[in-house]
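So the structure is just underneath, and the comments pick up after that.
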Amino acid sequence: MDKRLTKSSKDKLLSGVCGGIAEYFGLSSLGVRILFLFVPVGIFAYFVLAFAMPFDELPL
């Protein structure tokens with residue numbers, strides 16, 4: 001199975017970046033969200049990934 005890093009359509013609060021990262025690495029999405037909050041460049045990195053990561057399914 002070819003697994004790609006994509007935004008999650010099931011586990012999302014804003015754009016699905018943290019949910020997609022958590023699904024890809026098999027982590028807790030809450031832990032990934034907390035990590036993005038406390039890493040100094042986390043919020044900037046989140047918005048960059050929100051535009052760069054593809055959707056796992058096309059939004060309708």
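Letters A, B, ... mark the chains of the structure tokens in the order given; residue numbers begin at 1 per chain; ligand numbers begin at 1, in order shown.
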
Query raised in the report: Could you write out, as a VMD selection string, all the residues of chain A that DSSP marks as helix (DSSP H, G or I)?
Result: chain A and resid 17 to 25 29 to 38 42 to 52

Requested in this report: Show which residues sit within 10 Å of Ser15 in chain A, as number ranges by chain. Count only C-alpha atoms, and ignore same-chain residues fewer than 2 positions away.
Outcome: A: 7-9, 11-13, 17-20, 46-47, 49-51, 53, 55

Those same residues, written as a PDB file, in the first residue's frame with N, CA and C atoms?
ATOM      1  N   LYS A   7      -3.552  15.787   4.081  1.00  0.00           N
ATOM      2  CA  LYS A   7      -4.430  16.333   5.111  1.00  0.00           C
ATOM      3  C   LYS A   7      -5.556  15.338   5.370  1.00  0.00           C
ATOM      4  N   SER A   8      -5.962  15.240   6.617  1.00  0.00           N
ATOM      5  CA  SER A   8      -7.041  14.328   6.979  1.00  0.00           C
ATOM      6  C   SER A   8      -8.398  15.000   6.766  1.00  0.00           C
ATOM      7  N   SER A   9      -9.330  14.248   6.208  1.00  0.00           N
ATOM      8  CA  SER A   9     -10.689  14.766   6.067  1.00  0.00           C
ATOM      9  C   SER A   9     -11.564  14.307   7.230  1.00  0.00           C
ATOM     10  N   ASP A  11     -10.155  13.650  10.670  1.00  0.00           N
ATOM     11  CA  ASP A  11      -9.642  14.149  11.940  1.00  0.00           C
ATOM     12  C   ASP A  11      -9.054  15.537  11.725  1.00  0.00           C
ATOM     13  N   LYS A  12      -9.915  16.546  11.750  1.00  0.00           N
ATOM     14  CA  LYS A  12      -9.421  17.899  11.516  1.00  0.00           C
ATOM     15  C   LYS A  12     -10.158  18.902  12.380  1.00  0.00           C
ATOM     16  N   LEU A  13      -9.424  19.952  12.748  1.00  0.00           N
ATOM     17  CA  LEU A  13     -10.018  21.089  13.445  1.00  0.00           C
ATOM     18  C   LEU A  13     -10.020  22.309  12.542  1.00  0.00           C
ATOM     19  N   VAL A  17      -4.155  19.255   8.901  1.00  0.00           N
ATOM     20  CA  VAL A  17      -2.711  19.019   8.838  1.00  0.00           C
ATOM     21  C   VAL A  17      -2.273  18.093   9.975  1.00  0.00           C
ATOM     22  N   CYS A  18      -2.630  18.423  11.199  1.00  0.00           N
ATOM     23  CA  CYS A  18      -2.203  17.614  12.350  1.00  0.00           C
ATOM     24  C   CYS A  18      -2.818  16.216  12.297  1.00  0.00           C
ATOM     25  N   GLY A  19      -4.062  16.115  11.890  1.00  0.00           N
ATOM     26  CA  GLY A  19      -4.689  14.807  11.747  1.00  0.00           C
ATOM     27  C   GLY A  19      -4.020  13.968  10.690  1.00  0.00           C
ATOM     28  N   GLY A  20      -3.613  14.591   9.593  1.00  0.00           N
ATOM     29  CA  GLY A  20      -2.924  13.866   8.529  1.00  0.00           C
ATOM     30  C   GLY A  20      -1.549  13.392   8.957  1.00  0.00           C
ATOM     31  N   TYR A  46       2.743  25.124  10.449  1.00  0.00           N
ATOM     32  CA  TYR A  46       1.383  24.631  10.241  1.00  0.00           C
ATOM     33  C   TYR A  46       0.751  25.300   9.019  1.00  0.00           C
ATOM     34  N   PHE A  47       0.861  26.606   8.921  1.00  0.00           N
ATOM     35  CA  PHE A  47       0.241  27.309   7.802  1.00  0.00           C
ATOM     36  C   PHE A  47       0.934  27.009   6.478  1.00  0.00           C
ATOM     37  N   LEU A  49       2.326  24.088   5.802  1.00  0.00           N
ATOM     38  CA  LEU A  49       1.842  22.745   5.471  1.00  0.00           C
ATOM     39  C   LEU A  49       0.374  22.760   5.034  1.00  0.00           C
ATOM     40  N   ALA A  50      -0.421  23.672   5.592  1.00  0.00           N
ATOM     41  CA  ALA A  50      -1.829  23.755   5.215  1.00  0.00           C
ATOM     42  C   ALA A  50      -1.986  24.073   3.732  1.00  0.00           C
ATOM     43  N   PHE A  51      -1.064  24.852   3.186  1.00  0.00           N
ATOM     44  CA  PHE A  51      -1.118  25.169   1.757  1.00  0.00           C
ATOM     45  C   PHE A  51      -0.379  24.144   0.904  1.00  0.00           C
ATOM     46  N   MET A  53       0.315  20.659   1.699  1.00  0.00           N
ATOM     47  CA  MET A  53      -0.136  19.261   1.741  1.00  0.00           C
ATOM     48  C   MET A  53      -1.404  19.075   0.909  1.00  0.00           C
ATOM     49  N   PHE A  55      -5.022  17.190  -0.190  1.00  0.00           N
ATOM     50  CA  PHE A  55      -6.133  16.563   0.513  1.00  0.00           C
ATOM     51  C   PHE A  55      -6.108  15.066   0.278  1.00  0.00           C
TER      52      PHE A  55
END

Requested in this report: Excluding Lys3 in chain A and any residue of its chain fewer than 4 positions from it, enumerate the residues within 12 Å of it, using only C-alpha atoms, and give them as number ranges by chain.
Outcome: A: 20-21, 23-26, 56

Report task. Go ahead and compute the interatomic distance for CA of Ser29 in chain A and CA of Leu14 in chain A, in Å to one decimal. Result -> 12.6 Å
